[in-house]
Number of protein chains: 2
Amino acid sequence: MDAEIIAVGSELLLGQIVNTNGRFLSQQFAEMGINVFYHTVVGDNDRRLQQAIELAESRADLIVFTGGLGPTKDDLTKETIARHLGKQLVFDEEALRSIEDYFSKKGRIMTENNKKQALVLEGCHVLRNDHGMAPGMVLTQAGITYMLLPGPPKEMEPMFLSYGSQQLQNRLQSKERIESKVLRFYGIGEALLETEIEDLLENQTNPTIAPLAADGEVTLRITAKDESKEKCEALISQVEAEILRRVGQFYYGSNQTSLIQELVKELTKRDMTIAVAESLTGGMFQEQLTTIPGVSAIFKGGVVSYATAVKAKMLHVSEETIATYGVVSEQCALEMAANIRTELESDVGISFTGVAGPEEQEGKPAGTVFIGISYRDGRSHVQSLNLSGSRAQNRIRTVKYGCHYLLRDIQQM
Amino acid sequence: MDAEIIAVGSELLLGQIVNTNGRFLSQQFAEMGINVFYHTVVGDNDRRLQQAIELAESRADLIVFTGGLGPTKDDLTKETIARHLGKQLVFDEEALRSIEDYFSKKGRIMTENNKKQALVLEGCHVLRNDHGMAPGMVLTQAGITYMLLPGPPKEMEPMFLSYGSQQLQNRLQSKERIESKVLRFYGIGEALLETEIEDLLENQTNPTIAPLAADGEVTLRITAKDESKEKCEALISQVEAEILRRVGQFYYGSNQTSLIQELVKELTKRDMTIAVAESLTGGMFQEQLTTIPGVSAIFKGGVVSYATAVKAKMLHVSEETIATYGVVSEQCALEMAANIRTELESDVGISFTGVAGPEEQEGKPAGTVFIGISYRDGRSHVQSLNLSGSRAQNRIRTVKYGCHYLLRDIQQM
């Protein structure tokens with residue numbers, strides 16, 4: 001099955017919102033083994049939508065529309081499709097009742113244009129909207145399946161997951177399974193990683209290997225096709241083993257995870273508490289730790305020592321260190337990490353000091369960074385970085401390197 | 001000028017990333033008065049990209065490509081366009097030097113495939129990449145302008161703003177000016193704000209007023225068309241004055257700004273230093289403060305007191321307060337704000353304590369938040385919130401409310 005996703009809405013073409021629906025549906029289709037070759041965004045314009053439909057019919061056998069099912073004059077998706085397919089629009093009794101309920105519950109008066117939302121294509125399968133008023137629709141005609149979904153992600157996503165996906169699976173004839181796995185790497189550039197596995201990339205057929213770089217991380221998506229889930233997984237794990245044999249030291253996790261999630265997982269597994277002292281990162285490492293529910297079991301707290309005086313007062317970095325080496329130094333990073341650890345009686349202390357930029361500091365160029373790590377048993381070390389990004393990039397990379405070093409460290413304990 | 005935006009990359013069709021480039025460029029084009037009728041997303045596939053180009057040529061006179069300029073085998077945007085237009089690819093000396101510089105600075109080895117990034121379409125205008133390696137390109141042939149931009153937003157956005165936009169303006173023939181201004185509000189819902197200015201929204205023609213809500217903020221974009229910049233601005237300021245007369249108490253800034261930027265601006269203007277104590281927000285407020293270069297003049301530092309023990313040890317919240325009221329309380333927020341202020345000898349202290357969720361805490365439901373503000377002259381107050389979002393939303397809203405309250409407070413001093 002080849003799909004095309006058509007998002008309808010002038011607000012997308014004006015840049016007021018971003019097409020997250022295209023992404024969500026693409027993810028779902030990738031998992032279901034449905035190919036997506038195009039996304040199209042078109043405005044609330046009858047003629048241009050009509051042309052987009054005709055084009056999609058020439059190259060896809062599943063066309064999914066998002067948006068344009070609402071009550072206003074702009075909303076014309078189902079009207080255009082109805083005319084194009086020679087179908088009537090008829091009232092769906094259940095949808096009409098649920099719209100009336102919605103208004104009576106809210107104590108608001110239902111205007112006539114709201115009724116319009118209960119109109120559906122005759123002969124279609126109606127998809128219930130549990131989070132809004134406009135129902136979705138599925139219809140197969142002349143070998144092409146048309147699926148109409150509402151625009152707001154809060155309505156569209158649960159509708160697709162609860163009702164739409166099942167409808168597509170019923171209409172899918174294929175016996176072929178597609179499975180994929182994403183391997184995540186940090187501390188290695190995309191080009192270098194590709195060079196290390198060049199022969200695998202060149203000879204790929206099944207599974208395929210797709211590299212992607214973002215925010216200093218590189219991922220490899222391995223995708224296999226076969227008749228069963230088990231056979232797909234066997235194909236994937238063979239390639240995975242060979243990749244990890246070559247670049248395993250940069251690997252940190254698979255599928256939906258992040259460096260910080262893996263770090264929290266490892267700390268929790270070992271029952272190790274952590275305390276943090278941040279200078280150039282201004283709290284970003286701690287902020288990321290605390291995105292994770294339940295982190296309170298291992299994270300106690302920390303200090304943001306932006307000013308030098310705070311490094312002295314709250315972290316007890318010695319005057320001598322500051323005078324001799326400066327605050328952007330290996331020595332300062334070490335004292336920050338050790339002192340926050342003892343102050344908060346934790347198993348590990350981590351510190352970040354450096355120059356985010358754009359200005360230099362203490363004669364040290366923007367991008368100079370020291371990450372200190374100190375353990376309860378007295379072991380400690382410092383990693384230095386020379387980053388070359390913007391202020392924002394340098395801060396993000398610093399936090400990721402901190403996760404990366406600490407994660408590797410405790411995994412090897 | 002009618003534009004079509006073509007994003008190239010299989011990672012978009014697999015749902016690994018979302019097409020934010022389409023949104024960014026659409027916003028820019030809306031401001032420049034360039035119509036955007038379609039976005040297209042196509043994979044790293046020569047034949048399908050070729051078809052997308054031909055289709056775009058039939059309906060647009062500006063075609064902007066994002067993505068596919070990188071070093072790997074997948075990246076084929078410029079190769080496909082070169083063949084389609086009958087152009088050679090030639091080395092751009094400046095781009096080549098900057099790639100070599102990049103690798104020598106990093107102390108990393110440049111692989112042969114990185115050189116490929118310095119290849120450009122013969123006769124094109126080269127757009128410098130200040131944040132990455134692949135340069136952009138602009139070329140006009142047979143009345144159609146082709147612009148090639150890199151895929152990563154961190155490279156694409158500054159390249160467009162610094163170099164691409166000017167190139168398009170040179171090629172635009174229109175005599176009509178379009179100017180717009182975005183007014184930003186916090187602490188009022190979209191529906192309520194729209195009700196307050198309903199008559200203005202209904203009677204709009206020139207300027208137009210477009211409301212948009214995101215992340216708890218509401219913006220109004222006022223857009224005017226006239227023959228000169230001055231005439232546009234006069235039309236805008238008339239409408240702006242009327243809007244601010246009605247909902248001015250929720251207004252915090254215009255165009256590209258943020259609550260935190262406005263707060264730093266006001267603190268800096270008044271030479272007021274700030275210290276911060278964060279619990280549920282885990283460092284997010286301080287992280288946002290430190291995104292702003294030069295914030296060190298007013299921001300000293302603070303504490304992330306995630307565990308109760310840290311509130312006692314580093315912030316000296318009294319045992320009695322914790323035992324009697326709990327850490328999620330007005331009293332705890334007040335002590336946190338006052339104590340971090342005196343500890344770091346600052347003019348103002350701000351604190352955040354509460355329940356981010358998903359679990360309740362101390363019998364208080366998720367979304368219960370207290371924000372404490374304490375001034376050097378002894379004045380202090382607490383704002384309480386009852387938020388109903390997810391853990392992530394509650395944290396973001398808490399930080400924004402903190403900015404909002406403190407900003408209003410010091411503006412009225």
# chains A, B, ... in the order shown; residues from 1 in each chain; ligands from 1

call {"tool": "select_by_dssp", "arguments": {"residues": "stretch 243-324 of chain A", "states": "strand (DSSP E or B)", "output": "JSON, numbers by chain"}}
result
{"A": [251, 252, 253, 254, 274, 275, 276, 277, 278, 299, 300, 301, 302, 303, 304]}

call {"tool": "closest_atom_pairs", "arguments": {"of": "chain B", "to": "chain A", "cutoff": "6 Å", "atoms": "only C-alpha atoms", "output": "Markdown table"}}
result
| residue | atom | partner | partner_atom | distance |
| --- | --- | --- | --- | --- |
| B:Leu13 | CA | A:Ser26 | CA | 5.7 |
| B:Leu14 | CA | A:Ser26 | CA | 5.2 |
| B:Gly15 | CA | A:Arg23 | CA | 4.3 |
| B:Val18 | CA | A:Arg23 | CA | 5.5 |
| B:Arg23 | CA | A:Gly15 | CA | 4.2 |
| B:Ser26 | CA | A:Gly15 | CA | 4.6 |
| B:Gln27 | CA | A:Gly15 | CA | 4.4 |
| B:Ala30 | CA | A:Leu14 | CA | 5.9 |
| B:Val36 | CA | A:Leu13 | CA | 5.8 |
| B:Tyr38 | CA | A:Val42 | CA | 5.1 |
| B:His39 | CA | A:Val41 | CA | 4.8 |
| B:Thr40 | CA | A:Thr40 | CA | 4.7 |
| B:Val41 | CA | A:His39 | CA | 4.8 |
| B:Val42 | CA | A:Tyr38 | CA | 5.1 |
| B:Gly282 | CA | A:Glu287 | CA | 4.7 |
| B:Gly283 | CA | A:Gly283 | CA | 4.5 |
| B:Met284 | CA | A:Glu287 | CA | 5.3 |
| B:Gln286 | CA | A:Gly282 | CA | 5.8 |
| B:Glu287 | CA | A:Gly282 | CA | 4.6 |
| B:Thr290 | CA | A:Gly282 | CA | 5.6 |
| B:Lys300 | CA | A:Ala307 | CA | 4.8 |
| B:Gly301 | CA | A:Ser305 | CA | 4.9 |
| B:Gly302 | CA | A:Val304 | CA | 5.1 |
| B:Val303 | CA | A:Val303 | CA | 4.4 |
| B:Val304 | CA | A:Gly301 | CA | 5.1 |
| B:Ser305 | CA | A:Gly301 | CA | 4.9 |
| B:Tyr306 | CA | A:Gly301 | CA | 4.9 |
| B:Ala307 | CA | A:Lys300 | CA | 4.8 |

call {"tool": "residues_around", "arguments": {"residues": "B:Ser254", "least_positions_apart": "2", "cutoff": "6 Å", "atoms": "only C-alpha atoms", "output": "list of chain:residue names"}}
result
B:Val182, B:Leu183, B:Arg184

call {"tool": "select_by_dssp", "arguments": {"residues": "stretch 253-336 of chain A", "states": "alpha helix (DSSP H)", "output": "ChimeraX atom specification"}}
result
/A:259-269,284-289,308-313,319-325,330-336

call {"tool": "write_last_selection", "arguments": {"atoms": "N, CA, C and O atoms", "output": "short mmCIF file (atom, residue, chain, number, x, y, z; two decimals), in the first residue's frame"}}
result
data_model
loop_
_atom_site.label_atom_id
_atom_site.label_comp_id
_atom_site.auth_asym_id
_atom_site.auth_seq_id
_atom_site.Cartn_x
_atom_site.Cartn_y
_atom_site.Cartn_z
N LEU A 259 19.70 10.33 25.81
CA LEU A 259 20.86 10.16 26.69
C LEU A 259 20.45 10.32 28.15
O LEU A 259 20.86 9.56 29.01
N ILE A 260 19.61 11.34 28.43
CA ILE A 260 19.27 11.60 29.82
C ILE A 260 18.40 10.47 30.38
O ILE A 260 18.57 10.06 31.54
N GLN A 261 17.52 9.93 29.55
CA GLN A 261 16.69 8.80 30.00
C GLN A 261 17.55 7.59 30.34
O GLN A 261 17.33 6.93 31.35
N GLU A 262 18.53 7.32 29.47
CA GLU A 262 19.41 6.17 29.72
C GLU A 262 20.23 6.40 30.99
O GLU A 262 20.45 5.47 31.77
N LEU A 263 20.66 7.64 31.19
CA LEU A 263 21.46 7.95 32.37
C LEU A 263 20.63 7.74 33.64
O LEU A 263 21.09 7.10 34.60
N VAL A 264 19.39 8.24 33.64
CA VAL A 264 18.52 8.08 34.82
C VAL A 264 18.25 6.59 35.06
O VAL A 264 18.26 6.12 36.19
N LYS A 265 18.05 5.85 33.97
CA LYS A 265 17.81 4.41 34.08
C LYS A 265 18.99 3.71 34.77
O LYS A 265 18.83 2.91 35.69
N GLU A 266 20.22 4.03 34.32
CA GLU A 266 21.42 3.39 34.87
C GLU A 266 21.64 3.78 36.34
O GLU A 266 22.00 2.95 37.16
N LEU A 267 21.44 5.07 36.65
CA LEU A 267 21.62 5.52 38.03
C LEU A 267 20.61 4.83 38.94
O LEU A 267 20.94 4.39 40.04
N THR A 268 19.37 4.73 38.46
CA THR A 268 18.31 4.12 39.26
C THR A 268 18.61 2.64 39.51
O THR A 268 18.47 2.14 40.62
N LYS A 269 19.06 1.96 38.43
CA LYS A 269 19.38 0.54 38.53
C LYS A 269 20.44 0.31 39.60
O LYS A 269 20.38 -0.67 40.36
N MET A 284 20.40 23.55 32.77
CA MET A 284 19.81 22.71 31.72
C MET A 284 19.91 21.21 32.03
O MET A 284 18.99 20.44 31.76
N PHE A 285 21.05 20.80 32.63
CA PHE A 285 21.22 19.38 32.95
C PHE A 285 20.19 18.95 33.99
O PHE A 285 19.53 17.92 33.86
N GLN A 286 19.99 19.78 35.01
CA GLN A 286 19.03 19.45 36.06
C GLN A 286 17.59 19.52 35.52
O GLN A 286 16.74 18.72 35.87
N GLU A 287 17.35 20.49 34.65
CA GLU A 287 16.02 20.61 34.05
C GLU A 287 15.69 19.34 33.27
O GLU A 287 14.58 18.83 33.35
N GLN A 288 16.68 18.83 32.54
CA GLN A 288 16.43 17.62 31.76
C GLN A 288 16.24 16.39 32.66
O GLN A 288 15.38 15.56 32.40
N LEU A 289 17.06 16.31 33.70
CA LEU A 289 16.87 15.21 34.66
C LEU A 289 15.43 15.19 35.17
O LEU A 289 14.79 14.14 35.25
N THR A 308 30.88 34.01 39.69
CA THR A 308 32.05 33.45 40.39
C THR A 308 31.81 33.42 41.90
O THR A 308 32.16 32.44 42.57
N ALA A 309 31.19 34.48 42.41
CA ALA A 309 30.95 34.55 43.86
C ALA A 309 30.11 33.37 44.35
O ALA A 309 30.30 32.89 45.47
N VAL A 310 29.20 32.88 43.51
CA VAL A 310 28.36 31.75 43.92
C VAL A 310 29.19 30.46 43.94
O VAL A 310 28.98 29.58 44.78
N LYS A 311 30.16 30.36 43.02
CA LYS A 311 31.04 29.18 43.04
C LYS A 311 31.80 29.14 44.37
O LYS A 311 32.01 28.07 44.94
N ALA A 312 32.22 30.30 44.84
CA ALA A 312 32.95 30.36 46.10
C ALA A 312 32.01 30.12 47.28
O ALA A 312 32.25 29.27 48.13
N LYS A 313 30.90 30.85 47.29
CA LYS A 313 30.04 30.81 48.46
C LYS A 313 29.26 29.50 48.61
O LYS A 313 29.24 28.90 49.68
N GLU A 319 39.57 30.03 46.87
CA GLU A 319 40.05 31.30 46.31
C GLU A 319 41.30 31.08 45.48
O GLU A 319 41.50 31.71 44.45
N GLU A 320 42.15 30.17 45.96
CA GLU A 320 43.41 29.91 45.28
C GLU A 320 43.17 29.35 43.86
O GLU A 320 43.80 29.76 42.90
N THR A 321 42.23 28.40 43.78
CA THR A 321 41.91 27.82 42.47
C THR A 321 41.44 28.90 41.51
O THR A 321 41.88 28.98 40.36
N ILE A 322 40.52 29.75 42.02
CA ILE A 322 39.96 30.79 41.15
C ILE A 322 41.04 31.77 40.73
O ILE A 322 41.14 32.14 39.56
N ALA A 323 41.92 32.15 41.68
CA ALA A 323 42.97 33.12 41.36
C ALA A 323 44.01 32.53 40.42
O ALA A 323 44.48 33.19 39.50
N THR A 324 44.36 31.26 40.63
CA THR A 324 45.45 30.66 39.85
C THR A 324 44.99 30.17 38.47
O THR A 324 45.64 30.42 37.47
N TYR A 325 43.86 29.46 38.46
CA TYR A 325 43.44 28.81 37.21
C TYR A 325 42.22 29.46 36.56
O TYR A 325 41.96 29.24 35.39
N GLU A 330 40.03 23.02 34.62
CA GLU A 330 39.91 21.65 35.08
C GLU A 330 39.78 21.61 36.60
O GLU A 330 38.94 20.90 37.16
N GLN A 331 40.62 22.44 37.27
CA GLN A 331 40.65 22.43 38.72
C GLN A 331 39.32 22.88 39.31
O GLN A 331 38.81 22.31 40.27
N CYS A 332 38.75 23.94 38.71
CA CYS A 332 37.46 24.44 39.21
C CYS A 332 36.37 23.39 39.00
O CYS A 332 35.55 23.15 39.89
N ALA A 333 36.38 22.75 37.81
CA ALA A 333 35.38 21.71 37.53
C ALA A 333 35.45 20.59 38.57
O ALA A 333 34.42 20.11 39.06
N LEU A 334 36.68 20.20 38.90
CA LEU A 334 36.86 19.12 39.88
C LEU A 334 36.33 19.50 41.26
O LEU A 334 35.62 18.72 41.90
N GLU A 335 36.65 20.72 41.69
CA GLU A 335 36.18 21.15 43.01
C GLU A 335 34.66 21.29 43.04
O GLU A 335 34.01 20.91 44.02
N MET A 336 34.11 21.83 41.97
CA MET A 336 32.64 21.97 41.90
C MET A 336 31.97 20.59 42.04
O MET A 336 31.01 20.42 42.80
#

call {"tool": "residues_around", "arguments": {"residues": "B:His125", "least_positions_apart": "3", "cutoff": "8 Å", "atoms": "only C-alpha atoms", "output": "CSV table (one decimal) with N, CA and C atoms, in the first residue's frame"}}
result
chain,number,residue,atom,x,y,z
B,137,MET,N,22.2,27.9,-2.2
B,137,MET,CA,22.4,28.3,-3.6
B,137,MET,C,21.1,29.0,-4.0
B,138,VAL,N,21.2,30.1,-4.9
B,138,VAL,CA,20.1,30.7,-5.6
B,138,VAL,C,20.4,30.8,-7.0
B,139,LEU,N,19.4,30.5,-7.9
B,139,LEU,CA,19.6,30.5,-9.3
B,139,LEU,C,18.3,30.9,-10.0

call {"tool": "atom_distance", "arguments": {"atom1": "atom CA of A:Asp61", "atom2": "atom CA of A:Met147"}}
result
11.0 Å

call {"tool": "residues_around", "arguments": {"residues": "B:His84", "least_positions_apart": "3", "cutoff": "10 Å", "atoms": "only C-alpha atoms", "output": "list of chain:residue names"}}
result
B:Gln50, B:Ile53, B:Glu54, B:Lys78, B:Glu79, B:Thr80, B:Ile81, B:Lys87

call {"tool": "atom_distance", "arguments": {"atom1": "atom CA of A:Leu148", "atom2": "atom CA of A:Phe65"}}
result
4.8 Å

call {"tool": "closest_residue", "arguments": {"among": "B:Ser380, B:Thr205, B:Arg270, B:Arg128", "to": "B:Met413", "atoms": "only C-alpha atoms"}}
result
B:Arg270
